[in-house]
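A.B. asks: Got a structure for you, written out below as structure tokens; questions coming shortly.
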Amino acid sequence: MRDLTLPTPFDVRALADQIAARRGRPIQLIPMARLTGVCGLWIATDTTDLIFYEEETTLPHQEHIILHELSHVLCHHDPAPLPLATQARQLLPDVDPVLIQRILGRAGYSTEVEREAETLASLIRQRARPDTGRTPTGRLHAALDDRGHD
Amino acid sequence: MPESLAAKVDHLFRTVRPRDGGEYSFEEVAEAIRAKGGPTISATYLWQLRKGLRDNPTKRHLEALAGFFGVPPAYFFDDAETERINAELDLLTALRDAPIRQIALRANGLSAKSLQTIAEMIDRVRELEGLPQPTTPDTP
């Protein structure tokens with residue numbers, strides 16, 4: 001939040017562009033009509049953040065909806081993301097959670113895998129030091145390299 | 001417009017499918033119901049229900065069938081519930097087929113209409129990402 005330079009005069013689209021540039025992921029703002037009961041929706045795919053907002057309302061309200069969804073995007077990496085199946089349960093109260101897990105389980109699994117990969121990546125990053133050979137990681141690298149000669 | 005029993009059974013088979021696969025077979029459903037200690041229901045009878053050749057199942061049969069497909073028994077008995085649950089199932093299918101990692105919205109107790117709108121939005125995700133549409137037989 002501190003790093004954000006709020007555009008003057010304020011323009012929610014410019015702010016979205018700024019956040020997108022900082023995250024290295026495009027943000028698409030997509031107007032939708034007749035979003036009864038839902039003002040806005042944020043969907044993250046592997047490459048893009050999509051923000052849907054109600055277009056049949058006043059401009060200040062549209063801006064507020066977009067800001068709310070942008071805040072989701074900004075907060076996204078703070079808490080551990082829930083698997084898609086867990087998120088879907090809230091949307092689908094009548095459907096058996098076991099069924100939701102069965103159908104969307106793969107997505108949930110991949111979220112866990114992603115998290116695991118991320119943790120591992122940062123562990124490796126923390127441990128990696130330039131002086132290979134002197135640290136356990138360096139020795140491990142050397143050992144792994146040796147195996148290549150088999 | 002109220003759906004016939006056959007249409008409801010057919011909808012469950014078409015939308016509630018095993019992961020990465022086609023529809024459940026009548027044998028699989030019959031066997032799963034038997035394994036859970038449910039009433040005896042033959043694969044042939046299930047096929048007849050789906051085709052509309054039989055429309056006289058017992059309440060226990062319908063409860064077991066609803067249980068297998070993960071929907072409340074009211075799906076078969078209450079047309080307002082059918083509409084809402086169908087909307088939820090359509091949304092579930094849309095979520096399954098879309099390349100989505102996260103979804104967030106402020107919403108509680110959404111109407112069937114809102115659920116359909118969300119399913120439409122999710123269907124558009126594929127388009128927006130430039131991916132081909134999934135080849136499901138049940139796309140409207």
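Just so we're on the same page: first chain in the structure tokens is A, next is B, and so on; residues restart at 1 for each chain, and ligands are numbered from 1 in the order they show up.
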Mind listing the strand (DSSP E) residues of chain B, per DSSP on the backbone, as an NGL selection string?
C.D. replies: :B and (100-104)
A.B. asks: As an NGL selection string, please: the residues near region 120-127 of chain B (cut-off 10 Å, only C-alpha atoms, same-chain neighbours under 4 positions excluded).
C.D. replies: (:A and (30 or 32 or 35 or 41 or 43-45 or 48 or 50 or 52)) or (:B and (90-91 or 93-100 or 103 or 114-116 or 131-134))
A.B. asks: Can you work out which residues from chain A touch chain B at a cut-off of 7 Å (counting only C-alpha atoms) and hand them back as a list of chain:residue names?
C.D. replies: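 Result, ordered by chain then number: A:Leu35, A:Thr36, A:Gly37, A:Val38, A:Gly40, A:Leu41, A:Trp42, A:Ile43, A:Ala44, A:Thr45, A:Asp46, A:Leu84, A:Leu92, A:Asp94, A:Val95, A:Asp96, A:Leu99, A:Arg102, A:Ile103, A:Leu104.
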A.B. asks: Give me, as a list in words, all polymer residues having an atom no more than 12 Å from Pro57 (chain B), counting only C-alpha atoms and skipping those fewer than 3 positions away in the same chain.
C.D. replies: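 Skipping anything fewer than 3 positions along the chain leaves Leu5, Ala6, Val9, Pro39, Thr40, Ile41, Ser42, Tyr45, Leu46, Gln48, Leu49, Arg50, Gly52, Leu53, Arg54, Arg60, His61, Leu62, Glu63, Ala64, Leu65 and Phe76 of chain B.
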A.B. asks: Can you spit out the residues from that selection as a PDB file, in the first residue's frame, using C-alpha atoms?
C.D. replies:
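So out_20.pdb came out as:
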```
ATOM      1  CA  LEU B   5     -38.060 -36.860 -13.624  1.00  0.00           C
ATOM      2  CA  ALA B   6     -36.157 -38.188 -16.641  1.00  0.00           C
ATOM      3  CA  VAL B   9     -31.883 -37.702 -13.747  1.00  0.00           C
ATOM      4  CA  PRO B  39     -31.808 -49.807  -1.724  1.00  0.00           C
ATOM      5  CA  THR B  40     -31.336 -52.330  -4.512  1.00  0.00           C
ATOM      6  CA  ILE B  41     -31.489 -50.519  -7.825  1.00  0.00           C
ATOM      7  CA  SER B  42     -30.390 -52.135 -11.057  1.00  0.00           C
ATOM      8  CA  TYR B  45     -33.712 -49.513 -13.979  1.00  0.00           C
ATOM      9  CA  LEU B  46     -31.448 -46.441 -13.780  1.00  0.00           C
ATOM     10  CA  GLN B  48     -35.057 -46.632 -17.784  1.00  0.00           C
ATOM     11  CA  LEU B  49     -35.452 -43.728 -15.341  1.00  0.00           C
ATOM     12  CA  ARG B  50     -33.077 -41.579 -17.366  1.00  0.00           C
ATOM     13  CA  GLY B  52     -38.243 -41.756 -19.156  1.00  0.00           C
ATOM     14  CA  LEU B  53     -39.348 -45.372 -19.719  1.00  0.00           C
ATOM     15  CA  ARG B  54     -40.087 -45.664 -15.989  1.00  0.00           C
ATOM     16  CA  ARG B  60     -35.732 -44.355  -1.118  1.00  0.00           C
ATOM     17  CA  HIS B  61     -34.516 -44.850  -4.689  1.00  0.00           C
ATOM     18  CA  LEU B  62     -34.575 -41.107  -5.339  1.00  0.00           C
ATOM     19  CA  GLU B  63     -32.878 -40.347  -2.018  1.00  0.00           C
ATOM     20  CA  ALA B  64     -30.124 -42.826  -2.821  1.00  0.00           C
ATOM     21  CA  LEU B  65     -29.708 -41.348  -6.310  1.00  0.00           C
ATOM     22  CA  PHE B  76     -36.413 -34.448  -7.156  1.00  0.00           C
TER      23      PHE B  76
END
```
A.B. asks: Write out as a list in words the residues lying within 9 Å of region 18-25 of chain A, counting only C-alpha atoms and excluding same-chain residues fewer than 5 positions away.
C.D. replies: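 My list of contacting residues is Leu4, Thr5, Arg13, Thr47, Thr48, Asp49, Leu70, Val73 and Leu74 of chain A.
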A.B. asks: Hey, can you check how far CA of Ile33 (chain B) sits from CA of Val98 (chain A)?
C.D. replies: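 Rounded to one decimal, the two atoms are 15.5 Å apart.
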A.B. asks: Please compute the CA of Ala30 (chain B)-CA of Asp79 (chain B) distance, one decimal, in Å.
C.D. replies: 25.1 Å
A.B. asks: To one decimal place, how far is CA of Ser71 (chain A) from CA of Ala16 (chain A) in Å?
C.D. replies: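 Atom-to-atom, CA of Ser71 (chain A) and CA of Ala16 (chain A) are spaced 10.2 Å apart.
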A.B. asks: If DSSP is run on the backbone, what residues of region 48-88 of chain A are alpha helix (DSSP H)? A reply as a PyMOL selection string would be ideal.
C.D. replies: chain A and resi 59-75+84-88
